[in-house]
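Q: Just so it is clear, I am handing over upload.csv, which has CSV, C-alpha atoms.
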chain,number,residue,atom,x,y,z
A,409,MET,CA,-35.7,-89.2,-173.4
A,410,ALA,CA,-32.0,-89.6,-174.2
A,411,HIS,CA,-31.1,-92.2,-176.8
A,412,THR,CA,-28.6,-94.8,-175.9
A,413,ILE,CA,-25.3,-95.7,-177.6
A,414,ALA,CA,-23.3,-98.7,-176.6
A,415,LEU,CA,-19.6,-99.1,-177.4
A,416,ALA,CA,-18.7,-102.7,-178.1
A,417,GLY,CA,-15.5,-104.3,-179.5
A,418,ASN,CA,-12.4,-106.3,-178.8
A,419,PRO,CA,-10.2,-105.4,-175.8
A,420,ASN,CA,-7.7,-102.6,-176.3
A,421,THR,CA,-9.2,-101.1,-179.5
A,422,GLY,CA,-9.7,-97.7,-177.9
A,423,LYS,CA,-13.4,-97.9,-176.8
A,424,SER,CA,-12.7,-96.0,-173.6
A,425,THR,CA,-10.7,-93.4,-175.4
A,426,LEU,CA,-13.6,-92.9,-177.8
A,427,PHE,CA,-16.0,-92.9,-174.8
A,428,ASN,CA,-14.1,-90.1,-173.1
A,429,LEU,CA,-13.9,-88.1,-176.2
A,430,LEU,CA,-17.7,-88.4,-176.8
A,431,THR,CA,-18.7,-87.8,-173.2
A,432,GLY,CA,-16.0,-85.5,-171.9
A,433,LEU,CA,-15.5,-87.8,-169.0
A,434,LYS,CA,-12.3,-89.2,-167.7
A,435,GLN,CA,-13.0,-92.9,-167.5
A,436,HIS,CA,-9.7,-94.5,-166.9
A,437,THR,CA,-8.0,-95.5,-170.1
A,438,GLY,CA,-4.9,-97.5,-170.4
A,439,ASN,CA,-3.1,-99.6,-172.9
A,440,TRP,CA,-4.0,-103.0,-171.6
A,441,PRO,CA,-6.9,-105.4,-172.2
A,442,GLY,CA,-9.5,-106.1,-169.6
A,443,LYS,CA,-9.5,-102.6,-168.2
A,444,THR,CA,-13.2,-101.9,-168.4
A,445,VAL,CA,-14.7,-104.8,-166.5
A,446,LEU,CA,-18.0,-103.2,-165.7
A,447,ARG,CA,-19.8,-100.8,-168.0
A,448,ALA,CA,-19.5,-97.0,-167.6
A,449,GLU,CA,-22.0,-94.4,-168.6
A,450,GLY,CA,-21.8,-90.8,-169.8
A,451,GLU,CA,-23.7,-88.2,-171.7
A,452,LEU,CA,-23.2,-87.0,-175.2
A,453,LYS,CA,-24.9,-83.9,-176.7
A,454,THR,CA,-24.8,-83.3,-180.4
A,455,GLU,CA,-26.4,-80.3,-182.1
A,456,LYS,CA,-29.7,-82.2,-182.4
A,457,HIS,CA,-29.9,-85.0,-179.8
A,458,VAL,CA,-28.8,-86.1,-176.3
A,459,TYR,CA,-27.4,-89.5,-175.9
A,460,THR,CA,-26.4,-91.8,-173.0
A,461,VAL,CA,-23.2,-93.5,-174.0
A,462,ILE,CA,-22.4,-96.9,-172.4
A,463,ASP,CA,-18.8,-98.2,-172.5
A,464,LEU,CA,-19.0,-102.0,-172.5
A,465,PRO,CA,-16.2,-104.3,-171.5
A,466,GLY,CA,-14.0,-105.3,-174.4
A,467,THR,CA,-14.5,-108.9,-175.5
A,468,TYR,CA,-13.4,-111.1,-178.3
A,469,SER,CA,-16.9,-112.4,-178.6
A,470,LEU,CA,-20.4,-112.1,-177.2
A,471,TYR,CA,-21.2,-115.6,-175.9
A,472,SER,CA,-21.3,-116.9,-172.4
A,473,ASN,CA,-17.6,-117.5,-172.1
A,474,SER,CA,-16.9,-115.1,-169.3
A,475,ALA,CA,-18.5,-112.6,-167.0
A,476,ASP,CA,-17.5,-109.6,-169.1
A,477,GLU,CA,-18.8,-111.2,-172.3
A,478,GLU,CA,-22.1,-111.7,-170.6
A,479,VAL,CA,-22.3,-108.1,-169.4
A,480,ALA,CA,-21.7,-106.9,-173.0
A,481,ARG,CA,-24.0,-109.4,-174.5
A,482,ASP,CA,-26.9,-108.9,-172.1
A,483,TYR,CA,-26.7,-105.2,-172.5
A,484,ILE,CA,-27.0,-105.3,-176.3
A,485,ILE,CA,-29.7,-108.0,-176.3
A,486,PHE,CA,-31.9,-107.1,-173.4
A,487,GLU,CA,-31.3,-103.3,-172.9
A,488,LYS,CA,-31.4,-102.7,-176.6
A,489,PRO,CA,-29.3,-99.6,-177.2
A,490,ASP,CA,-30.6,-97.4,-179.9
A,491,ILE,CA,-27.2,-97.6,-181.6
A,492,THR,CA,-24.3,-100.0,-181.1
A,493,LEU,CA,-20.9,-98.7,-182.1
A,494,VAL,CA,-18.7,-101.6,-182.9
A,495,VAL,CA,-15.2,-100.3,-182.3
A,496,VAL,CA,-12.5,-102.3,-184.2
A,497,ASP,CA,-8.8,-102.0,-184.5
A,498,ALA,CA,-7.8,-101.0,-188.0
A,499,THR,CA,-4.5,-102.8,-187.7
A,500,SER,CA,-6.0,-106.2,-187.1
A,501,LEU,CA,-9.4,-106.0,-188.8
A,502,GLU,CA,-9.8,-109.7,-189.5
A,503,ARG,CA,-10.0,-110.8,-185.9
A,504,ASN,CA,-11.9,-107.7,-184.9
A,505,LEU,CA,-14.7,-108.3,-187.4
A,506,ASN,CA,-15.7,-111.5,-185.5
A,507,ILE,CA,-17.4,-109.5,-182.9
A,508,ALA,CA,-18.9,-107.1,-185.5
A,509,LEU,CA,-20.6,-110.1,-187.2
A,510,GLN,CA,-21.9,-111.2,-183.8
A,511,VAL,CA,-23.4,-107.8,-183.1
A,512,LEU,CA,-25.1,-107.8,-186.5
A,513,GLU,CA,-26.8,-111.0,-185.5
A,514,MET,CA,-28.3,-109.2,-182.5
A,515,THR,CA,-29.2,-105.8,-183.8
A,516,ASP,CA,-29.5,-103.9,-187.1
A,517,ARG,CA,-28.8,-100.5,-185.7
A,518,ALA,CA,-25.0,-100.6,-185.7
A,519,ILE,CA,-22.2,-98.5,-186.9
A,520,LEU,CA,-18.7,-99.9,-187.5
A,521,CYS,CA,-16.0,-97.5,-186.1
A,522,VAL,CA,-12.6,-98.5,-187.5
A,523,ASN,CA,-10.4,-97.0,-184.9
A,524,LEU,CA,-6.6,-96.4,-184.7
A,525,ILE,CA,-6.7,-95.4,-188.4
A,526,ASP,CA,-3.6,-93.2,-187.8
A,527,GLU,CA,-1.7,-96.3,-186.7
A,528,ALA,CA,-2.9,-98.3,-189.6
A,529,ARG,CA,-1.9,-95.6,-192.1
A,530,LYS,CA,1.6,-95.5,-190.5
A,531,LYS,CA,1.8,-99.3,-191.0
A,532,GLY,CA,0.8,-98.9,-194.6
A,533,ILE,CA,-2.6,-100.5,-194.1
A,534,HIS,CA,-5.4,-99.1,-196.3
A,535,ILE,CA,-9.0,-99.7,-195.4
A,536,ASP,CA,-11.5,-100.0,-198.2
A,537,LYS,CA,-14.3,-98.3,-196.5
A,538,GLU,CA,-17.0,-98.4,-199.1
A,539,PRO,CA,-16.8,-102.1,-200.0
A,540,LEU,CA,-16.6,-103.0,-196.3
A,541,SER,CA,-19.7,-100.9,-195.6
A,542,LYS,CA,-21.5,-102.5,-198.5
A,543,GLN,CA,-20.7,-106.0,-197.5
A,544,LEU,CA,-21.6,-105.5,-193.8
A,545,GLY,CA,-24.7,-103.5,-194.7
A,546,ILE,CA,-24.0,-100.8,-192.0
A,547,PRO,CA,-22.1,-97.5,-192.0
A,548,VAL,CA,-18.4,-97.7,-191.7
A,549,ILE,CA,-16.5,-94.7,-190.3
A,550,LEU,CA,-12.7,-94.5,-190.1
A,551,ILE,CA,-11.6,-92.8,-186.9
A,552,SER,CA,-8.8,-92.1,-184.6
A,553,ALA,CA,-10.2,-91.4,-181.1
A,554,ARG,CA,-6.8,-90.4,-179.9
A,555,GLU,CA,-6.0,-88.0,-182.8
A,556,LYS,CA,-9.7,-86.9,-183.1
A,557,ILE,CA,-9.9,-87.9,-186.7
A,558,GLY,CA,-13.3,-88.8,-188.2
A,559,ILE,CA,-15.3,-87.8,-185.1
A,560,ILE,CA,-17.5,-85.2,-186.8
A,561,GLN,CA,-18.4,-87.7,-189.5
A,562,LEU,CA,-19.2,-90.2,-186.7
A,563,LEU,CA,-21.5,-87.8,-184.8
A,564,LYS,CA,-23.3,-87.0,-188.1
A,565,THR,CA,-23.9,-90.7,-188.8
A,566,ILE,CA,-25.1,-91.3,-185.2
A,567,ASP,CA,-27.7,-88.4,-185.6
A,568,GLN,CA,-28.8,-89.7,-189.0
A,569,MET,CA,-29.3,-93.2,-187.7
A,570,THR,CA,-31.3,-91.9,-184.7
A,571,GLU,CA,-33.5,-89.9,-187.1
A,572,GLY,CA,-34.1,-93.0,-189.1
A,573,LYS,CA,-32.3,-91.6,-192.2
A,574,ILE,CA,-30.0,-94.5,-192.5
A,575,GLU,CA,-31.2,-97.9,-193.7
A,576,THR,CA,-29.0,-100.8,-192.7
A,577,GLN,CA,-29.0,-104.3,-194.1
A,578,PRO,CA,-26.8,-106.1,-191.7
A,579,PHE,CA,-24.9,-109.1,-193.1
A,580,LYS,CA,-26.2,-112.3,-191.6
A,581,ILE,CA,-24.0,-115.3,-191.6
A,582,LYS,CA,-25.5,-118.3,-193.4
A,583,TYR,CA,-24.8,-121.5,-191.5
A,584,ASN,CA,-24.7,-125.0,-193.0
A,585,GLN,CA,-27.9,-126.7,-194.1
A,586,THR,CA,-28.4,-128.7,-191.0
A,587,VAL,CA,-28.1,-125.6,-188.8
A,588,GLU,CA,-30.3,-123.5,-191.0
A,589,LYS,CA,-32.9,-126.2,-191.0
A,590,LYS,CA,-33.0,-126.3,-187.2
A,591,ILE,CA,-33.1,-122.5,-187.0
A,592,LYS,CA,-36.2,-122.6,-189.3
A,593,GLN,CA,-37.8,-125.1,-187.0
A,594,LEU,CA,-37.1,-123.2,-183.8
A,595,GLU,CA,-37.8,-119.7,-185.0
A,596,PRO,CA,-41.6,-119.8,-185.0
A,597,GLN,CA,-41.7,-121.4,-181.6
A,598,ILE,CA,-39.4,-118.7,-180.2
A,599,LYS,CA,-41.5,-116.0,-181.8
A,600,GLN,CA,-44.5,-117.4,-180.1
A,601,ILE,CA,-42.9,-117.1,-176.7
A,602,ILE,CA,-41.0,-113.9,-176.9
A,603,GLY,CA,-42.8,-112.1,-179.8
A,604,ASN,CA,-40.6,-109.5,-181.4
A,605,ALA,CA,-38.9,-108.5,-178.3
A,606,LEU,CA,-35.7,-110.3,-179.2
A,607,PRO,CA,-34.2,-111.5,-182.5
A,608,ALA,CA,-35.6,-115.0,-182.9
A,609,ARG,CA,-32.8,-116.2,-185.2
A,610,TRP,CA,-30.2,-115.2,-182.7
A,611,VAL,CA,-32.0,-116.9,-179.8
A,612,ALA,CA,-32.3,-120.0,-182.0
A,613,LEU,CA,-28.6,-120.0,-182.6
A,614,ARG,CA,-27.8,-119.7,-178.9
A,615,ILE,CA,-30.2,-122.6,-178.1
A,616,LEU,CA,-28.5,-124.8,-180.8
A,617,ASP,CA,-25.2,-123.8,-179.3
A,618,GLY,CA,-26.4,-125.2,-175.9
A,619,ASP,CA,-25.9,-121.9,-174.2
A,620,ILE,CA,-27.5,-122.6,-170.8
A,621,LYS,CA,-26.5,-119.4,-169.2
A,622,LEU,CA,-28.3,-117.4,-171.9
A,623,LEU,CA,-31.5,-119.4,-171.2
A,624,ASP,CA,-31.2,-118.4,-167.6
A,625,SER,CA,-30.9,-114.7,-168.5
A,626,LEU,CA,-33.8,-115.2,-170.9
A,627,LYS,CA,-36.0,-116.7,-168.2
A,628,SER,CA,-35.5,-113.7,-165.9
A,629,TYR,CA,-36.1,-111.4,-168.8
A,630,LEU,CA,-39.4,-113.1,-169.6
A,631,GLN,CA,-40.5,-112.7,-166.0
A,632,ASN,CA,-39.9,-109.0,-166.1
A,633,PRO,CA,-43.2,-107.1,-166.2
A,634,ASP,CA,-41.9,-104.7,-168.8
A,635,PHE,CA,-41.6,-107.6,-171.2
A,636,VAL,CA,-45.3,-108.3,-171.5
A,637,ALA,CA,-45.9,-104.8,-172.8
A,638,GLU,CA,-43.0,-105.1,-175.2
A,639,LYS,CA,-44.0,-108.4,-176.6
A,640,HIS,CA,-47.2,-107.0,-178.0
A,641,GLN,CA,-45.8,-103.9,-179.4
A,642,PRO,CA,-46.1,-103.8,-183.2
A,643,ALA,CA,-42.8,-104.8,-184.9
A,644,GLN,CA,-41.3,-101.4,-185.5
A,645,GLY,CA,-38.8,-99.0,-184.0
A,646,GLY,CA,-37.2,-101.8,-182.0
A,647,CYS,CA,-33.6,-102.4,-182.3
A,648,CYS,CA,-33.9,-105.6,-184.2
A,649,HIS,CA,-37.0,-105.4,-186.2
A,650,GLY,CA,-36.9,-101.7,-187.0
A,651,ALA,CA,-38.0,-100.2,-190.2
B,229,MET,CA,4.2,-131.9,-198.6
B,230,THR,CA,4.3,-131.2,-194.9
B,231,ALA,CA,2.2,-133.2,-192.5
B,232,ASN,CA,-0.2,-131.7,-190.0
B,233,LYS,CA,0.9,-131.9,-186.4
B,234,PRO,CA,0.0,-130.2,-183.1
B,235,ILE,CA,1.2,-126.6,-183.1
B,236,TYR,CA,2.9,-127.4,-179.8
B,237,HIS,CA,5.6,-129.3,-181.8
B,238,PHE,CA,6.8,-126.4,-183.9
B,239,GLN,CA,9.9,-124.3,-183.2
B,240,VAL,CA,10.3,-120.6,-182.5
B,241,GLY,CA,10.2,-118.7,-185.8
B,242,ASP,CA,8.0,-121.3,-187.6
B,243,ARG,CA,5.0,-120.1,-189.4
B,244,ILE,CA,2.1,-122.4,-189.2
B,245,GLU,CA,-1.1,-122.6,-191.1
B,246,ILE,CA,-3.8,-123.9,-188.8
B,247,THR,CA,-5.6,-126.9,-190.3
B,248,SER,CA,-7.9,-128.0,-187.5
B,249,VAL,CA,-8.9,-127.1,-183.9
B,250,GLU,CA,-9.7,-130.3,-182.0
B,251,LEU,CA,-10.8,-128.7,-178.7
B,252,GLN,CA,-14.4,-128.7,-177.6
B,253,ASP,CA,-17.0,-126.3,-176.1
B,254,VAL,CA,-16.0,-123.1,-174.4
B,255,MET,CA,-12.3,-123.5,-175.0
B,256,ARG,CA,-12.8,-124.2,-178.7
B,257,ARG,CA,-15.0,-121.1,-178.9
B,258,ARG,CA,-12.5,-119.0,-177.1
B,259,LEU,CA,-9.6,-120.0,-179.3
B,260,LEU,CA,-11.6,-119.4,-182.4
B,261,ASP,CA,-12.5,-116.0,-181.1
B,262,LEU,CA,-8.8,-115.2,-180.5
B,263,GLY,CA,-8.0,-116.1,-184.1
B,264,PHE,CA,-7.0,-119.7,-184.0
B,265,VAL,CA,-9.2,-120.5,-187.0
B,266,PRO,CA,-8.4,-123.1,-189.7
B,267,GLY,CA,-6.6,-121.3,-192.6
B,268,THR,CA,-5.0,-118.6,-190.4
B,269,VAL,CA,-1.2,-118.4,-190.4
B,270,ILE,CA,0.4,-118.0,-187.0
B,271,GLU,CA,3.9,-117.8,-185.8
B,272,VAL,CA,5.7,-119.4,-182.8
B,273,VAL,CA,7.3,-116.4,-181.1
B,274,GLN,CA,8.6,-117.7,-177.8
B,275,LYS,CA,9.0,-120.8,-175.8
B,276,SER,CA,9.2,-120.8,-172.0
B,277,PRO,CA,12.3,-122.5,-170.5
B,278,LEU,CA,10.5,-125.8,-170.0
B,279,GLY,CA,8.7,-125.6,-173.3
B,280,ASP,CA,5.3,-124.9,-171.9
B,281,PRO,CA,3.6,-122.5,-172.4
B,282,LEU,CA,4.3,-121.4,-175.9
B,283,ALA,CA,3.6,-118.0,-177.3
B,284,PHE,CA,2.1,-117.5,-180.7
B,285,LYS,CA,1.6,-114.5,-182.8
B,286,VAL,CA,-2.0,-114.4,-184.1
B,287,PHE,CA,-3.2,-111.4,-186.1
B,288,ASN,CA,-0.6,-109.1,-184.5
B,289,THR,CA,-1.3,-110.2,-181.0
B,290,THR,CA,0.9,-112.5,-178.9
B,291,ILE,CA,-1.0,-115.2,-177.2
B,292,ALA,CA,0.4,-117.9,-174.9
B,293,LEU,CA,-1.1,-121.3,-174.8
B,294,ARG,CA,-0.5,-124.2,-172.5
B,295,LYS,CA,0.3,-127.6,-173.8
B,296,GLU,CA,-3.2,-128.8,-173.0
B,297,GLU,CA,-4.6,-126.5,-175.7
B,298,SER,CA,-1.7,-126.2,-178.1
B,299,SER,CA,-1.4,-129.9,-178.5
B,300,LEU,CA,-5.0,-130.1,-179.8
B,301,ILE,CA,-4.6,-127.4,-182.5
B,302,TYR,CA,-3.1,-128.8,-185.7
B,303,GLY,CA,-1.2,-127.1,-188.4
B,304,LYS,CA,1.4,-127.3,-191.1
B,305,LYS,CA,4.5,-125.3,-191.7
B,306,VAL,CA,4.2,-122.6,-194.3
B,307,TYR,CA,6.6,-120.1,-195.8
B,308,LYS,CA,4.3,-117.1,-196.2
B,309,GLU,CA,4.0,-113.9,-194.2
B,310,VAL,CA,2.1,-113.8,-191.0
B,311,VAL,CA,-0.7,-111.2,-191.2
What is this structure when it is put down as structure tokens?
A:
Amino acid sequence: MAHTIALAGNPNTGKSTLFNLLTGLKQHTGNWPGKTVLRAEGELKTEKHVYTVIDLPGTYSLYSNSADEEVARDYIIFEKPDITLVVVDATSLERNLNIALQVLEMTDRAILCVNLIDEARKKGIHIDKEPLSKQLGIPVILISAREKIGIIQLLKTIDQMTEGKIETQPFKIKYNQTVEKKIKQLEPQIKQIIGNALPARWVALRILDGDIKLLDSLKSYLQNPDFVAEKHQPAQGGCCHGA
Amino acid sequence: MTANKPIYHFQVGDRIEITSVELQDVMRRRLLDLGFVPGTVIEVVQKSPLGDPLAFKVFNTTIALRKEESSLIYGKKVYKEVV
């Protein structure tokens, strides 16, 4: 079975350009935000593996603010891609890392692709790859999808992650005491209902946030027959509780 | 010492450090996502003829806000570079 790779990130960071490069497809790219409204799929073959690549709509976050954010979020949380590539713009990393942190709350199988590195270099921006990778607890690859820089390194990292050769320790945001206390109260109850199928901490946060739309998605997910089997699977190999 | 006032009241060219975001719920979330976070330095780049909406530069992106929103985000004038 093909492994799945999802591309997530802010609008206009070059996700579709990377998608086309990886899959050889010609999904419409253009320099304006909001271009990919629905997700597109393509195939990527490396020397060792076959992947299905999914180009998610670009969003500034992954909450229930809008339809495209929900598409992106539901995919990552319910469909559980084997690897999520968080594509960020090297020239405005600070805002872009917002979504990276949100992805890390949802999955620990993520790679940060710092795209547009050629632009950044032109602007005199230097990205400290190693410290960034250490702090986030996931691999960081500097790429330029347009100039085809860093792509071989990226493919290698994807293969290694698929083979379980890369251990990640995703950075989890610590909230204030009140919130953390509530999370602790909710987590066991959530685990009772959904088992290890979804990251309990993340679900707890959404509930505390009063995210009603997520609860609706959650209900239909729980009614799905596939879910029952998944709930009782031992906690391994999944996207969020993997080894 | 400059006082905090709604970012709506600044002039084109002003650099503002955001001190608080008094909006609620989805709009608050959205603006935080876009980079209107306390501590961030933004710049007023353009004003429409009638003064509403206003365009701000936030982390290298220009974002226009209506008065409804920009009058609920507070900041103070600063003299440092916008990132």
Q: Based on only C-alpha atoms, which of the residues in chain B come within 10 Å of chain A? I want them as a list in words.
A: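 On the chain B side, the interface is Asp253, Val254, Met255, Arg257, Arg258, Leu259, Leu260, Asp261, Leu262, Gly263, Phe264, Val265, Val286, Phe287, Asn288, Thr289 and Val311 of chain B.
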Q: Neighbours of Asn232 of chain B within 8 Å (all atoms listed in the file; same-chain residues fewer than 2 positions away dropped), as a list of chain:residue names?
A: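 Answer for this query is B:Thr230, B:Pro234, B:Thr247, B:Tyr302, B:Gly303, B:Lys304.
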Q: Go ahead and write the residues just picked, C-alpha atoms, as a PDB file, keeping the file's coordinate frame.
A:
ATOM      1  CA  THR B 230       4.300-131.200-194.900  1.00  0.00           C
ATOM      2  CA  PRO B 234       0.000-130.200-183.100  1.00  0.00           C
ATOM      3  CA  THR B 247      -5.600-126.900-190.300  1.00  0.00           C
ATOM      4  CA  TYR B 302      -3.100-128.800-185.700  1.00  0.00           C
ATOM      5  CA  GLY B 303      -1.200-127.100-188.400  1.00  0.00           C
ATOM      6  CA  LYS B 304       1.400-127.300-191.100  1.00  0.00           C
TER       7      LYS B 304
END
Q: Quick one: residues within 10 Å of (-30.8, -89.6, -172.0) (file frame), counting all atoms listed in the file, please, as a tab-separated table (two decimals) with C-alpha atoms, in the coordinates of the input.
A:
chain	number	residue	atom	x	y	z
A	409	MET	CA	-35.70	-89.20	-173.40
A	410	ALA	CA	-32.00	-89.60	-174.20
A	411	HIS	CA	-31.10	-92.20	-176.80
A	412	THR	CA	-28.60	-94.80	-175.90
A	413	ILE	CA	-25.30	-95.70	-177.60
A	450	GLY	CA	-21.80	-90.80	-169.80
A	451	GLU	CA	-23.70	-88.20	-171.70
A	452	LEU	CA	-23.20	-87.00	-175.20
A	453	LYS	CA	-24.90	-83.90	-176.70
A	457	HIS	CA	-29.90	-85.00	-179.80
A	458	VAL	CA	-28.80	-86.10	-176.30
A	459	TYR	CA	-27.40	-89.50	-175.90
A	460	THR	CA	-26.40	-91.80	-173.00
A	461	VAL	CA	-23.20	-93.50	-174.00
Q: Excluding Leu300 of chain B and its own-chain neighbours fewer than 5 positions away, which residues fall within 9 Å of it when counting only C-alpha atoms? Please give them as number ranges by chain.
A: B: 234-236, 248-251, 295
Q: Excluding Leu493 of chain A and its own-chain neighbours fewer than 4 positions away, which residues fall within 10 Å of it when counting only C-alpha atoms? Please give them as a tab-separated table (two decimals) with C-alpha atoms, in the frame of the given file.
A:
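Once written, part-v9.tsv looks like this:
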chain	number	residue	atom	x	y	z
A	413	ILE	CA	-25.30	-95.70	-177.60
A	414	ALA	CA	-23.30	-98.70	-176.60
A	415	LEU	CA	-19.60	-99.10	-177.40
A	416	ALA	CA	-18.70	-102.70	-178.10
A	417	GLY	CA	-15.50	-104.30	-179.50
A	423	LYS	CA	-13.40	-97.90	-176.80
A	461	VAL	CA	-23.20	-93.50	-174.00
A	462	ILE	CA	-22.40	-96.90	-172.40
A	463	ASP	CA	-18.80	-98.20	-172.50
A	489	PRO	CA	-29.30	-99.60	-177.20
A	508	ALA	CA	-18.90	-107.10	-185.50
A	511	VAL	CA	-23.40	-107.80	-183.10
A	517	ARG	CA	-28.80	-100.50	-185.70
A	518	ALA	CA	-25.00	-100.60	-185.70
A	519	ILE	CA	-22.20	-98.50	-186.90
A	520	LEU	CA	-18.70	-99.90	-187.50
A	521	CYS	CA	-16.00	-97.50	-186.10
A	522	VAL	CA	-12.60	-98.50	-187.50
A	548	VAL	CA	-18.40	-97.70	-191.70
A	562	LEU	CA	-19.20	-90.20	-186.70
A	566	ILE	CA	-25.10	-91.30	-185.20
Q: Find the distance between atom CA of Lys564 of chain A and atom CA of Ile546 of chain A and write it in Å to one decimal.
A: 14.4 Å
Q: Taking into account only C-alpha atoms, which residue in the set A:Thr431, A:Lys488, A:Leu426, A:Ala480 is nearest to Gly558 of chain A?
A: A:Leu426
Q: Which distance in Å separates atom CA of Pro578 of chain A and atom CA of Glu455 of chain A, to one decimal?
A: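 Computing it gives 27.5 Å between the two atoms.
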Q: Do a neighbour search on Ile484 of chain A at 8 Å with all atoms listed in the file, toss out local chain neighbours closer than 6 positions, and write the hits as a list in words.
A: Ala414, Thr492, Met514 and Thr515 of chain A
Q: Give me, as a list of chain:residue names, all polymer residues having an atom no more than 12 Å from Ile559 of chain A, counting all atoms listed in the file and skipping those fewer than 2 positions away in the same chain.
A: A:Leu426, A:Phe427, A:Leu429, A:Leu430, A:Thr454, A:Cys521, A:Val522, A:Asn523, A:Ile525, A:Ile549, A:Leu550, A:Ile551, A:Ser552, A:Ala553, A:Arg554, A:Glu555, A:Lys556, A:Ile557, A:Gln561, A:Leu562, A:Leu563, A:Lys564, A:Thr565, A:Ile566
Q: One decimal, Å: what's the distance from atom CA of Ile491 of chain A over to atom CA of Thr570 of chain A, could you say?
A: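 Interatomic distance, atom CA of Ile491 of chain A to atom CA of Thr570 of chain A: 7.7 Å.
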